[in-house]
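Source file: work_1.tsv (TSV, C-alpha atoms and all ligand atoms)
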```tsv
chain	number	residue	atom	x	y	z
S	879	MET	CA	17.80	17.31	-0.11
S	880	ILE	CA	14.38	18.08	1.38
S	881	CYS	CA	11.48	16.55	-0.50
S	882	ILE	CA	7.77	17.12	0.03
S	883	GLY	CA	5.72	14.11	-0.98
S	884	ILE	CA	2.04	14.14	-1.90
S	885	GLU	CA	-0.12	11.01	-1.92
S	886	SER	CA	-3.74	10.79	-3.15
S	887	THR	CA	-4.26	7.53	-5.05
S	888	ALA	CA	-7.38	6.47	-3.15
S	889	HIS	CA	-8.93	7.13	0.27
S	890	THR	CA	-5.92	8.92	1.76
S	891	PHE	CA	-4.53	12.38	1.19
S	892	GLY	CA	-1.01	12.49	2.53
S	893	ALA	CA	1.76	15.07	2.74
S	894	ALA	CA	5.22	14.30	4.10
S	895	ILE	CA	8.68	15.79	4.40
S	896	VAL	CA	11.74	13.57	3.95
S	897	ASP	CA	15.37	14.57	4.32
S	898	GLY	CA	17.43	12.64	1.79
S	899	GLU	CA	20.77	13.42	3.44
S	900	SER	CA	20.01	12.28	6.98
S	901	ARG	CA	17.66	9.62	5.56
S	902	LYS	CA	14.92	10.70	7.93
S	903	VAL	CA	11.18	11.04	7.59
S	904	LEU	CA	10.62	14.44	9.22
S	905	SER	CA	6.82	14.31	9.02
S	906	ASN	CA	4.17	12.04	7.56
S	907	VAL	CA	0.66	13.49	7.65
S	908	ILE	CA	-2.15	11.10	6.76
S	909	LYS	CA	-5.73	12.29	6.25
S	910	ALA	CA	-7.87	9.27	5.52
S	911	PHE	CA	-11.44	9.27	4.27
S	912	THR	CA	-13.54	6.91	6.37
S	913	THR	CA	-17.22	6.03	6.69
S	914	GLU	CA	-19.20	4.31	9.44
S	915	GLU	CA	-21.26	2.47	6.84
S	916	GLY	CA	-20.84	1.77	3.14
S	917	GLY	CA	-17.74	2.18	0.99
S	918	MET	CA	-15.94	4.81	-1.08
S	919	VAL	CA	-17.58	6.95	-3.75
S	920	PRO	CA	-14.74	8.41	-5.89
S	921	SER	CA	-16.21	11.91	-6.21
S	922	LYS	CA	-16.84	12.10	-2.44
S	923	VAL	CA	-13.29	10.97	-1.69
S	924	ALA	CA	-11.95	13.61	-4.08
S	925	ASP	CA	-14.04	16.25	-2.24
S	926	HIS	CA	-12.47	15.05	1.00
S	927	HIS	CA	-8.99	15.49	-0.51
S	928	VAL	CA	-9.84	19.03	-1.61
S	929	ASP	CA	-11.03	19.82	1.93
S	930	VAL	CA	-7.90	18.54	3.67
S	931	CYS	CA	-5.06	19.20	1.22
S	932	GLN	CA	-4.06	22.64	2.42
S	933	GLU	CA	-4.10	21.62	6.07
S	934	ALA	CA	-2.10	18.46	5.28
S	935	VAL	CA	0.65	20.39	3.52
S	936	SER	CA	0.89	23.05	6.28
S	937	GLU	CA	0.93	20.36	8.95
S	938	ALA	CA	3.67	18.39	7.17
S	939	LEU	CA	5.87	21.49	6.89
S	940	GLY	CA	5.08	22.56	10.47
S	941	LYS	CA	5.80	19.18	12.07
S	942	ALA	CA	9.05	18.86	10.11
S	943	GLY	CA	10.11	22.38	11.06
S	944	VAL	CA	10.74	23.07	7.37
S	945	LYS	CA	9.91	26.37	5.67
S	946	PRO	CA	8.46	26.23	2.14
S	947	GLY	CA	11.63	27.88	0.82
S	948	GLN	CA	13.76	25.00	2.15
S	949	VAL	CA	11.99	22.41	0.00
S	950	ASP	CA	14.20	21.16	-2.87
S	951	LEU	CA	11.88	18.71	-4.60
S	952	VAL	CA	8.16	17.94	-4.97
S	953	ALA	CA	7.15	14.28	-5.45
S	954	PHE	CA	3.63	13.02	-6.05
S	955	SER	CA	1.77	9.78	-6.66
S	956	GLN	CA	1.18	9.71	-10.40
S	957	GLY	CA	-0.54	6.32	-10.48
S	958	PRO	CA	-2.02	3.79	-10.32
S	959	GLY	CA	-5.18	4.80	-8.51
S	960	ILE	CA	-8.59	6.41	-8.76
S	961	GLY	CA	-8.53	9.20	-11.36
S	962	HIS	CA	-10.71	11.59	-9.32
S	963	CYS	CA	-8.38	11.26	-6.35
S	964	LEU	CA	-5.07	11.26	-8.22
S	965	ARG	CA	-5.96	14.55	-9.89
S	966	ILE	CA	-6.29	16.38	-6.56
S	967	GLY	CA	-2.82	15.34	-5.41
S	968	ALA	CA	-1.30	16.04	-8.81
S	969	GLY	CA	-2.87	19.51	-8.81
S	970	VAL	CA	-1.47	20.28	-5.37
S	971	ALA	CA	1.99	19.00	-6.36
S	972	ARG	CA	2.06	20.99	-9.61
S	973	SER	CA	1.07	24.15	-7.74
S	974	LEU	CA	3.79	23.59	-5.14
S	975	SER	CA	6.37	22.95	-7.85
S	976	LEU	CA	5.40	26.10	-9.76
S	977	VAL	CA	5.12	28.37	-6.71
S	978	LEU	CA	8.31	27.11	-5.05
S	979	LYS	CA	10.11	26.89	-8.42
S	980	LYS	CA	11.35	23.38	-7.56
S	981	PRO	CA	11.41	20.25	-9.72
S	982	LEU	CA	8.48	17.85	-9.78
S	983	VAL	CA	8.75	14.08	-9.92
S	984	GLY	CA	5.89	11.64	-10.55
S	985	VAL	CA	6.13	8.40	-8.58
S	986	ASN	CA	4.56	4.97	-9.04
S	987	HIS	CA	2.63	4.21	-5.87
S	988	CYS	CA	3.29	0.45	-5.82
S	989	ILE	CA	7.04	0.87	-6.25
S	990	ALA	CA	7.00	3.45	-3.46
S	991	HIS	CA	5.67	0.80	-1.06
S	992	LEU	CA	8.83	-1.22	-1.74
S	993	GLU	CA	11.25	1.71	-1.76
S	994	ILE	CA	10.23	2.90	1.71
S	995	CYS	CA	11.13	-0.56	3.04
S	996	ARG	CA	14.61	-0.26	1.51
S	997	PHE	CA	14.89	3.24	2.98
S	998	LEU	CA	13.83	2.40	6.53
S	999	THR	CA	15.09	-1.19	7.02
S	1000	PRO	CA	18.35	-3.04	6.22
S	1001	ALA	CA	16.58	-4.88	3.35
S	1002	LYS	CA	18.60	-4.51	0.15
S	1003	ASP	CA	16.84	-6.54	-2.50
S	1004	PRO	CA	13.59	-7.78	-1.03
S	1005	VAL	CA	10.46	-9.37	-2.37
S	1006	LEU	CA	7.48	-7.16	-1.53
S	1007	LEU	CA	4.13	-8.61	-0.57
S	1008	TYR	CA	1.94	-5.66	-1.40
S	1009	ALA	CA	-1.40	-6.19	0.26
S	1010	SER	CA	-3.54	-3.10	0.05
S	1011	GLY	CA	-7.10	-2.10	-0.73
S	1012	ALA	CA	-7.06	-2.22	-4.50
S	1013	ASN	CA	-3.75	-4.00	-5.07
S	1014	THR	CA	-2.47	-7.41	-4.19
S	1015	GLN	CA	0.85	-8.14	-5.81
S	1016	VAL	CA	4.16	-9.83	-5.22
S	1017	ILE	CA	6.81	-7.47	-6.58
S	1018	ALA	CA	10.58	-7.76	-6.88
S	1019	PHE	CA	13.41	-6.16	-8.82
S	1020	GLU	CA	14.64	-8.33	-11.68
S	1021	SER	CA	16.52	-7.48	-14.91
S	1022	GLY	CA	16.33	-3.72	-14.53
S	1023	LYS	CA	12.67	-3.39	-13.54
S	1024	TYR	CA	10.27	-3.92	-10.72
S	1025	ARG	CA	8.26	-6.89	-11.88
S	1026	VAL	CA	5.02	-8.37	-10.71
S	1027	PHE	CA	5.62	-12.05	-10.03
S	1028	GLY	CA	2.16	-12.75	-8.75
S	1029	GLU	CA	-1.05	-10.89	-8.18
S	1030	THR	CA	-4.75	-11.19	-7.57
S	1031	LEU	CA	-6.70	-12.33	-10.58
S	1032	ASP	CA	-9.77	-10.43	-9.42
S	1033	ILE	CA	-10.11	-8.15	-6.38
S	1034	GLY	CA	-7.47	-6.76	-4.02
S	1035	ILE	CA	-7.17	-8.33	-0.56
S	1036	GLY	CA	-8.17	-5.09	1.21
S	1037	ASN	CA	-11.24	-4.54	-0.96
S	1038	PHE	CA	-12.11	-8.18	-0.41
S	1039	LEU	CA	-11.87	-7.72	3.38
S	1040	ASP	CA	-13.80	-4.45	3.19
S	1041	SER	CA	-16.58	-6.00	1.14
S	1042	PHE	CA	-16.83	-8.90	3.61
S	1043	ALA	CA	-16.91	-6.39	6.49
S	1044	ARG	CA	-19.64	-4.44	4.70
S	1045	ALA	CA	-21.72	-7.60	4.41
S	1046	LEU	CA	-21.32	-7.97	8.21
S	1047	ASN	CA	-22.25	-4.26	8.70
S	1048	LEU	CA	-18.87	-3.46	10.21
S	1049	GLY	CA	-18.23	-0.20	8.26
S	1050	PHE	CA	-15.13	0.96	6.39
S	1051	PRO	CA	-12.24	0.21	6.58
S	1052	GLY	CA	-13.11	-3.34	7.47
S	1053	GLY	CA	-9.64	-4.90	7.89
S	1054	PRO	CA	-8.94	-3.69	11.44
S	1055	LYS	CA	-12.44	-4.67	12.58
S	1056	ILE	CA	-12.02	-8.15	11.12
S	1057	GLU	CA	-8.64	-8.50	12.84
S	1058	LYS	CA	-10.22	-7.64	16.20
S	1059	LEU	CA	-13.17	-10.04	15.83
S	1060	ALA	CA	-10.86	-12.81	14.52
S	1061	LYS	CA	-9.11	-12.89	17.91
S	1062	ASP	CA	-12.28	-14.37	19.42
S	1063	GLY	CA	-12.83	-16.85	16.59
S	1064	LYS	CA	-12.44	-20.49	17.58
S	1065	LYS	CA	-13.55	-22.59	14.67
S	1066	LEU	CA	-11.91	-22.74	11.25
S	1067	VAL	CA	-14.75	-22.61	8.73
S	1068	LYS	CA	-13.81	-24.24	5.42
S	1069	LEU	CA	-13.50	-21.65	2.63
S	1070	PRO	CA	-12.33	-21.96	-0.98
S	1071	TYR	CA	-8.52	-21.75	-1.19
S	1072	SER	CA	-7.49	-20.45	-4.57
S	1073	VAL	CA	-3.82	-20.17	-5.52
S	1074	LYS	CA	-2.90	-20.45	-9.19
S	1075	GLY	CA	0.85	-20.51	-9.65
S	1076	MET	CA	1.98	-17.23	-8.13
S	1077	ASP	CA	-1.48	-15.66	-8.42
S	1078	VAL	CA	-4.44	-15.69	-6.06
S	1079	SER	CA	-8.14	-15.38	-6.65
S	1080	LEU	CA	-10.45	-13.95	-3.99
S	1081	GLY	CA	-13.78	-13.66	-5.85
S	1082	GLY	CA	-14.81	-17.23	-5.04
S	1083	ILE	CA	-14.25	-16.86	-1.30
S	1084	SER	CA	-16.12	-13.56	-1.40
S	1085	THR	CA	-19.24	-15.16	-2.89
S	1086	ASN	CA	-18.93	-18.17	-0.61
S	1087	LEU	CA	-18.73	-15.89	2.46
S	1088	LYS	CA	-21.82	-13.93	1.48
S	1089	THR	CA	-23.79	-17.18	1.29
S	1090	LYS	CA	-22.42	-18.22	4.69
S	1091	ILE	CA	-23.35	-14.86	6.25
S	1092	LYS	CA	-26.93	-15.15	4.90
S	1093	SER	CA	-27.30	-18.68	6.28
S	1094	GLY	CA	-26.83	-17.30	9.81
S	1095	GLU	CA	-25.09	-20.53	10.81
S	1096	TYR	CA	-21.70	-19.03	11.61
S	1097	SER	CA	-20.56	-16.50	14.19
S	1098	LYS	CA	-18.94	-13.26	12.99
S	1099	GLU	CA	-15.87	-14.16	15.02
S	1100	ASP	CA	-15.42	-17.58	13.42
S	1101	LEU	CA	-15.92	-16.14	9.94
S	1102	CYS	CA	-13.39	-13.35	10.54
S	1103	PHE	CA	-10.88	-15.83	11.94
S	1104	SER	CA	-11.36	-18.19	9.00
S	1105	VAL	CA	-11.13	-15.41	6.42
S	1106	GLN	CA	-7.78	-14.33	7.82
S	1107	GLU	CA	-6.38	-17.85	8.09
S	1108	THR	CA	-7.41	-18.77	4.55
S	1109	ALA	CA	-6.75	-15.59	2.60
S	1110	PHE	CA	-3.47	-14.79	4.35
S	1111	ALA	CA	-2.20	-18.35	3.84
S	1112	MET	CA	-2.77	-17.81	0.12
S	1113	LEU	CA	-0.77	-14.56	0.18
S	1114	VAL	CA	2.08	-16.09	2.15
S	1115	GLU	CA	2.18	-19.08	-0.20
S	1116	VAL	CA	2.60	-16.90	-3.31
S	1117	ALA	CA	5.14	-14.67	-1.57
S	1118	GLU	CA	7.18	-17.75	-0.68
S	1119	ARG	CA	6.96	-19.08	-4.22
S	1120	ALA	CA	8.24	-15.75	-5.56
S	1121	MET	CA	11.14	-15.83	-3.11
S	1122	ALA	CA	12.02	-19.35	-4.21
S	1123	HIS	CA	11.70	-18.42	-7.88
S	1124	THR	CA	13.83	-15.26	-7.69
S	1125	GLY	CA	16.30	-16.69	-5.17
S	1126	LYS	CA	15.81	-13.68	-2.90
S	1127	SER	CA	16.07	-14.02	0.85
S	1128	GLU	CA	14.37	-10.89	2.16
S	1129	LEU	CA	10.66	-10.20	2.49
S	1130	VAL	CA	9.00	-6.86	3.13
S	1131	LEU	CA	5.34	-5.93	3.32
S	1132	GLY	CA	3.33	-2.98	2.12
S	1133	GLY	CA	-0.25	-1.81	1.95
S	1134	GLY	CA	-2.84	-1.34	4.66
S	1135	VAL	CA	-3.42	-5.07	5.11
S	1136	ALA	CA	0.27	-5.41	6.07
S	1137	CYS	CA	-0.69	-3.77	9.41
S	1138	ASN	CA	-2.39	-7.05	10.31
S	1139	LYS	CA	-0.47	-8.82	13.08
S	1140	ARG	CA	-1.67	-12.28	12.05
S	1141	LEU	CA	-0.41	-11.72	8.49
S	1142	GLN	CA	2.93	-10.52	9.91
S	1143	GLU	CA	3.12	-13.60	12.13
S	1144	MET	CA	2.50	-15.92	9.19
S	1145	CYS	CA	5.19	-14.14	7.13
S	1146	THR	CA	7.64	-14.50	10.02
S	1147	MET	CA	6.93	-18.23	10.25
S	1148	MET	CA	7.42	-18.70	6.52
S	1149	CYS	CA	10.70	-16.75	6.46
S	1150	GLU	CA	12.06	-18.57	9.51
S	1151	ALA	CA	11.27	-21.89	7.87
S	1152	ARG	CA	13.27	-21.01	4.75
S	1153	GLY	CA	16.12	-19.16	6.46
S	1154	ALA	CA	15.05	-15.79	5.05
S	1155	LYS	CA	14.65	-12.41	6.73
S	1156	VAL	CA	11.47	-10.41	7.07
S	1157	PHE	CA	11.42	-6.70	7.90
S	1158	PHE	CA	8.44	-4.83	9.28
S	1159	LEU	CA	7.66	-1.11	9.37
S	1160	GLU	CA	5.47	1.05	11.58
S	1161	ASN	CA	1.85	1.03	10.41
S	1162	GLN	CA	2.06	4.66	9.27
S	1163	PHE	CA	4.38	3.47	6.48
S	1164	TYR	CA	2.16	0.54	5.42
S	1165	VAL	CA	-1.04	2.45	4.81
S	1166	ASP	CA	-1.06	4.85	1.89
S	1167	ASN	CA	1.33	7.60	2.91
S	1168	ALA	CA	3.30	10.39	1.37
S	1169	ALA	CA	6.62	9.57	3.07
S	1170	MET	CA	7.09	6.66	0.66
S	1171	ILE	CA	6.36	8.97	-2.27
S	1172	ALA	CA	8.98	11.47	-1.07
S	1173	VAL	CA	11.53	8.70	-0.47
S	1174	THR	CA	11.06	7.32	-3.98
S	1175	GLY	CA	11.02	10.81	-5.49
S	1176	ILE	CA	14.44	11.48	-3.96
S	1177	GLU	CA	15.88	8.23	-5.38
S	1178	MET	CA	14.47	8.99	-8.83
S	1179	PHE	CA	15.61	12.59	-8.84
S	1180	ARG	CA	19.13	11.63	-7.75
S	1181	ALA	CA	19.22	9.28	-10.74
S	1182	GLY	CA	18.34	12.18	-13.03
S	1183	GLN	CA	14.58	11.73	-13.36
S	1184	SER	CA	12.03	14.51	-13.10
S	1185	THR	CA	8.56	15.19	-14.48
S	1186	PRO	CA	7.90	18.48	-16.26
S	1187	VAL	CA	4.50	19.93	-15.30
S	1188	GLU	CA	3.21	19.47	-18.86
S	1189	LYS	CA	3.99	15.75	-18.64
S	1190	SER	CA	2.59	15.27	-15.18
S	1191	GLU	CA	-0.76	13.78	-16.25
S	1192	VAL	CA	-2.10	11.20	-13.83
S	1193	ARG	CA	-1.82	7.53	-14.75
S	1194	PRO	CA	-4.71	5.66	-13.14
S	1195	SER	CA	-3.75	2.34	-14.76
S	1196	GLU	CA	0.04	2.53	-14.66
S	1197	ARG	CA	1.60	-0.88	-14.12
S	1198	THR	CA	4.61	-1.53	-11.95
S	1199	ASP	CA	6.60	-2.89	-14.89
S	1200	ASP	CA	5.74	0.17	-17.05
S	1201	VAL	CA	8.21	2.19	-14.99
S	1202	SER	CA	11.81	2.39	-16.15
S	1203	VAL	CA	13.97	2.09	-13.07
S	1204	THR	CA	17.07	4.22	-13.38
S	1205	TRP	CA	17.92	4.47	-9.71
S	1206	ARG	CA	18.95	0.85	-9.04
S	1301	LIG	P1	-4.23	0.87	1.56
S	1301	LIG	O1	-5.07	0.81	0.32
S	1301	LIG	O2	-2.87	0.32	1.36
S	1301	LIG	O3	-4.21	2.16	2.30
S	1301	LIG	O4	-4.91	-0.13	2.58
S	1301	LIG	C1	-6.25	-0.03	2.93
S	1301	LIG	C2	-6.77	-1.40	3.24
S	1301	LIG	O5	-6.08	-1.96	4.35
S	1301	LIG	C3	-8.23	-1.41	3.58
S	1301	LIG	O6	-8.85	-2.34	2.76
S	1301	LIG	C4	-8.25	-1.83	5.04
S	1301	LIG	O7	-9.38	-2.60	5.38
S	1301	LIG	C5	-6.99	-2.65	5.14
S	1301	LIG	N1	-6.47	-2.75	6.51
S	1301	LIG	C6	-6.06	-1.75	7.32
S	1301	LIG	N2	-5.68	-2.23	8.52
S	1301	LIG	C7	-5.83	-3.57	8.47
S	1301	LIG	C8	-5.62	-4.64	9.39
S	1301	LIG	N3	-5.17	-4.42	10.62
S	1301	LIG	N4	-5.90	-5.89	8.98
S	1301	LIG	C9	-6.34	-6.12	7.72
S	1301	LIG	N5	-6.58	-5.16	6.83
S	1301	LIG	C10	-6.32	-3.90	7.18
S	1302	MG	MG	-1.16	1.59	-1.33
```
What does this structure look like when you write it as structure tokens?
Amino acid sequence: MICIGIESTAHTFGAAIVDGESRKVLSNVIKAFTTEEGGMVPSKVADHHVDVCQEAVSEALGKAGVKPGQVDLVAFSQGPGIGHCLRIGAGVARSLSLVLKKPLVGVNHCIAHLEICRFLTPAKDPVLLYASGANTQVIAFESGKYRVFGETLDIGIGNFLDSFARALNLGFPGGPKIEKLAKDGKKLVKLPYSVKGMDVSLGGISTNLKTKIKSGEYSKEDLCFSVQETAFAMLVEVAERAMAHTGKSELVLGGGVACNKRLQEMCTMMCEARGAKVFFLENQFYVDNAAMIAVTGIEMFRAGQSTPVEKSEVRPSERTDDVSVTWR
């Protein structure tokens, strides 16, 4: 089964081709909206998606060596995400489904981050630390559903890092720039550490950092280093608590922040300490991508799920545990 996946929940428009039989990602085209300064304006990002969507789809087919007629299934990110952006991807997916006369399946973006880990690694029943721009959640499968065991009580870790980077005039996305500067940081600056049960809160550190930046007393490098050490320790702590609570012994990561080598190192240390396994993916599968949408679409379709065009409305606020999981 050849599936074309379409992703457009936020800054990235993605198109990918996945072969369900050989379990191979044949192509994974990622067109990300970036800026040198400032953040994302939803209508501008949606314009970007309109500009690149046709090229992304042609490129995905071309790189995979798949002709449109060979596609068996169209999967798209139905939510959660930014409405303006979701609508572009949904429109493209509906058109493909209608023109190719192939079934359509709407996929939950957060669940897709976990499913691609199960598809590409030996992990069978992992806990997912989903650390992306807008989302920060600890997700695992329990009693028939993907459930959120912990999450941010305010902003997502990526948005938190981006907003800190913006305050330092580093541009968007800020995460990679922070990671680079953090390598030259030497001093651990004390920042608020806020873990509440299996949840984290990042708003307090964000405010605290802005005051520290204004004071001019700290180097960029030390601040970046300290932000990583503090915020990532919080994430790893809640991921570990979820593993202990669910009795699961595999950890996987998802989301753009999962590309961070220091976060990966901290996860490895935690898993080694508790005799658990951690599995990593290539960065192209951590950032928002359409391969994970195609992979999940295939699983759902094989379990008998599909989304008629008239029920393919986007779901900007869909929650992970709203989804009925028929494929596990
Ligand atoms: P996503 O929403 O999953 O595509 O992830 C986007 C977020 O990942 C943005 O907030 C980026 O700043 C962040 N990000 C990307 N690469 C890194 C990195 N190496 N370290 C930390 N954050 C990163
Ligand atoms: Mg994401």
Name the residues, by chain letter and number, that sit within 8 Å of ligand MG 1302 (chain S) using all atoms listed in the file, and give them as a JSON list (two decimals) with C-alpha atoms, keeping the file's coordinate frame.
```json
[["chain", "number", "residue", "atom", "x", "y", "z"],
["S", 887, "THR", "CA", -4.26, 7.53, -5.05],
["S", 987, "HIS", "CA", 2.63, 4.21, -5.87],
["S", 988, "CYS", "CA", 3.29, 0.45, -5.82],
["S", 991, "HIS", "CA", 5.67, 0.80, -1.06],
["S", 1008, "TYR", "CA", 1.94, -5.66, -1.40],
["S", 1009, "ALA", "CA", -1.40, -6.19, 0.26],
["S", 1010, "SER", "CA", -3.54, -3.10, 0.05],
["S", 1011, "GLY", "CA", -7.10, -2.10, -0.73],
["S", 1012, "ALA", "CA", -7.06, -2.22, -4.50],
["S", 1013, "ASN", "CA", -3.75, -4.00, -5.07],
["S", 1132, "GLY", "CA", 3.33, -2.98, 2.12],
["S", 1133, "GLY", "CA", -0.25, -1.81, 1.95],
["S", 1134, "GLY", "CA", -2.84, -1.34, 4.66],
["S", 1164, "TYR", "CA", 2.16, 0.54, 5.42],
["S", 1165, "VAL", "CA", -1.04, 2.45, 4.81],
["S", 1166, "ASP", "CA", -1.06, 4.85, 1.89],
["S", 1167, "ASN", "CA", 1.33, 7.60, 2.91]]
```
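The nearest approach to ligand LIG 1301 (chain S) among the residues S:Ala910, S:Met1147, S:Ile966, S:Ala893, with only C-alpha atoms and all ligand atoms taken into account, belongs to S:Ala910.
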statement: With distances taken over only C-alpha atoms and all ligand atoms, the candidate from S:Gly961, S:Pro1000, S:Gly1052, S:Pro946 nearest ligand LIG 1301 (chain S) is S:Gly1052
task: Determine the nearest neighbour of Val907 in chain S from the options S:Cys963, S:Ala1168, S:Ala968, S:Met1144, counting only C-alpha atoms.
output: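 Closest to Val907 in chain S, using only C-alpha atoms: S:Ala1168.
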- request: Find the distance between CA of Gly967 in chain S and CA of Ala1172 in chain S and write it in Å to one decimal.
  value: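 Computed distance, CA of Gly967 in chain S to CA of Ala1172 in chain S, equals 13.2 Å.
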field: Between CA of Pro920 in chain S and CA of His889 in chain S, distance in Å (one decimal)
entry: 8.6 Å
For ligand LIG 1301 (chain S), take all atoms listed in the file, fit an axis-aligned box around them, add 3 Å to each of the six sides, then output centre and edge lengths in Å rounded to one decimal, as AutoDock Vina command-line options.
```
--center_x -6.1 --center_y -2.0 --center_z 5.5 --size_x 12.5 --size_y 14.3 --size_z 16.3
```
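Take the candidates S:Phe891, S:Phe1042, S:Phe954, S:Tyr1096 and check each one against Gln932 in chain S using all atoms listed in the file; the shortest distance goes to S:Phe891.
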Residue neighbourhood Val1192 in chain S, 9 Å, only C-alpha atoms, exclusion window fewer than 4 positions, as a PDB file with C-alpha atoms, in the coordinates of the input:
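Output contents, as saved in out23.pdb:
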```
ATOM      1  CA  SER S 955       1.770   9.780  -6.660  1.00  0.00           C
ATOM      2  CA  GLN S 956       1.180   9.710 -10.400  1.00  0.00           C
ATOM      3  CA  GLY S 957      -0.540   6.320 -10.480  1.00  0.00           C
ATOM      4  CA  PRO S 958      -2.020   3.790 -10.320  1.00  0.00           C
ATOM      5  CA  GLY S 959      -5.180   4.800  -8.510  1.00  0.00           C
ATOM      6  CA  GLY S 961      -8.530   9.200 -11.360  1.00  0.00           C
ATOM      7  CA  LEU S 964      -5.070  11.260  -8.220  1.00  0.00           C
ATOM      8  CA  ARG S 965      -5.960  14.550  -9.890  1.00  0.00           C
ATOM      9  CA  ALA S 968      -1.300  16.040  -8.810  1.00  0.00           C
ATOM     10  CA  GLY S 984       5.890  11.640 -10.550  1.00  0.00           C
ATOM     11  CA  GLU S1196       0.040   2.530 -14.660  1.00  0.00           C
TER      12      GLU S1196
END
```
Extract, using all atoms listed in the file, all DNA, RNA and protein residues at most 9 Å from Leu998 in chain S, discarding same-chain residues fewer than 3 positions from it, and format them as a PDB file with C-alpha atoms, in the coordinates of the input.
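Dumped to out_29.pdb:
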```pdb
ATOM      1  CA  ARG S 901      17.660   9.620   5.560  1.00  0.00           C
ATOM      2  CA  LYS S 902      14.920  10.700   7.930  1.00  0.00           C
ATOM      3  CA  GLU S 993      11.250   1.710  -1.760  1.00  0.00           C
ATOM      4  CA  ILE S 994      10.230   2.900   1.710  1.00  0.00           C
ATOM      5  CA  CYS S 995      11.130  -0.560   3.040  1.00  0.00           C
ATOM      6  CA  ALA S1001      16.580  -4.880   3.350  1.00  0.00           C
ATOM      7  CA  LEU S1159       7.660  -1.110   9.370  1.00  0.00           C
TER       8      LEU S1159
END
```
When you write range 1062-1074 of chain S out from the block above, keep N, CA and C atoms and present the result as a compact mmCIF listing (two decimals), in the first residue's frame, please.
```
# COMPACT_ATOMS: atom_id res chain seq x y z
N ASP S 1062 29.07 26.68 24.42
CA ASP S 1062 30.12 27.55 24.97
C ASP S 1062 29.74 28.12 26.34
N GLY S 1063 28.62 27.68 26.88
CA GLY S 1063 28.21 28.15 28.21
C GLY S 1063 29.01 27.43 29.28
N LYS S 1064 29.38 28.16 30.32
CA LYS S 1064 30.22 27.55 31.37
C LYS S 1064 29.55 27.55 32.72
N LYS S 1065 28.69 28.56 32.93
CA LYS S 1065 28.16 28.74 34.28
C LYS S 1065 26.67 28.40 34.29
N LEU S 1066 26.26 27.61 35.29
CA LEU S 1066 24.83 27.29 35.42
C LEU S 1066 24.15 28.41 36.21
N VAL S 1067 23.32 29.17 35.49
CA VAL S 1067 22.59 30.27 36.12
C VAL S 1067 21.33 29.68 36.74
N LYS S 1068 21.03 30.05 37.97
CA LYS S 1068 19.87 29.46 38.64
C LYS S 1068 18.56 29.99 38.02
N LEU S 1069 17.71 29.06 37.62
CA LEU S 1069 16.42 29.42 37.02
C LEU S 1069 15.31 28.66 37.75
N PRO S 1070 14.08 29.17 37.71
CA PRO S 1070 13.00 28.44 38.38
C PRO S 1070 12.83 27.05 37.75
N TYR S 1071 12.67 26.04 38.61
CA TYR S 1071 12.48 24.66 38.15
C TYR S 1071 11.08 24.26 38.57
N SER S 1072 10.20 24.03 37.57
CA SER S 1072 8.80 23.89 37.92
C SER S 1072 8.17 22.60 37.35
N VAL S 1073 8.22 21.56 38.19
CA VAL S 1073 7.56 20.29 37.85
C VAL S 1073 6.44 20.08 38.85
N LYS S 1074 5.23 19.81 38.32
CA LYS S 1074 4.09 19.58 39.21
C LYS S 1074 3.50 18.22 38.85
```
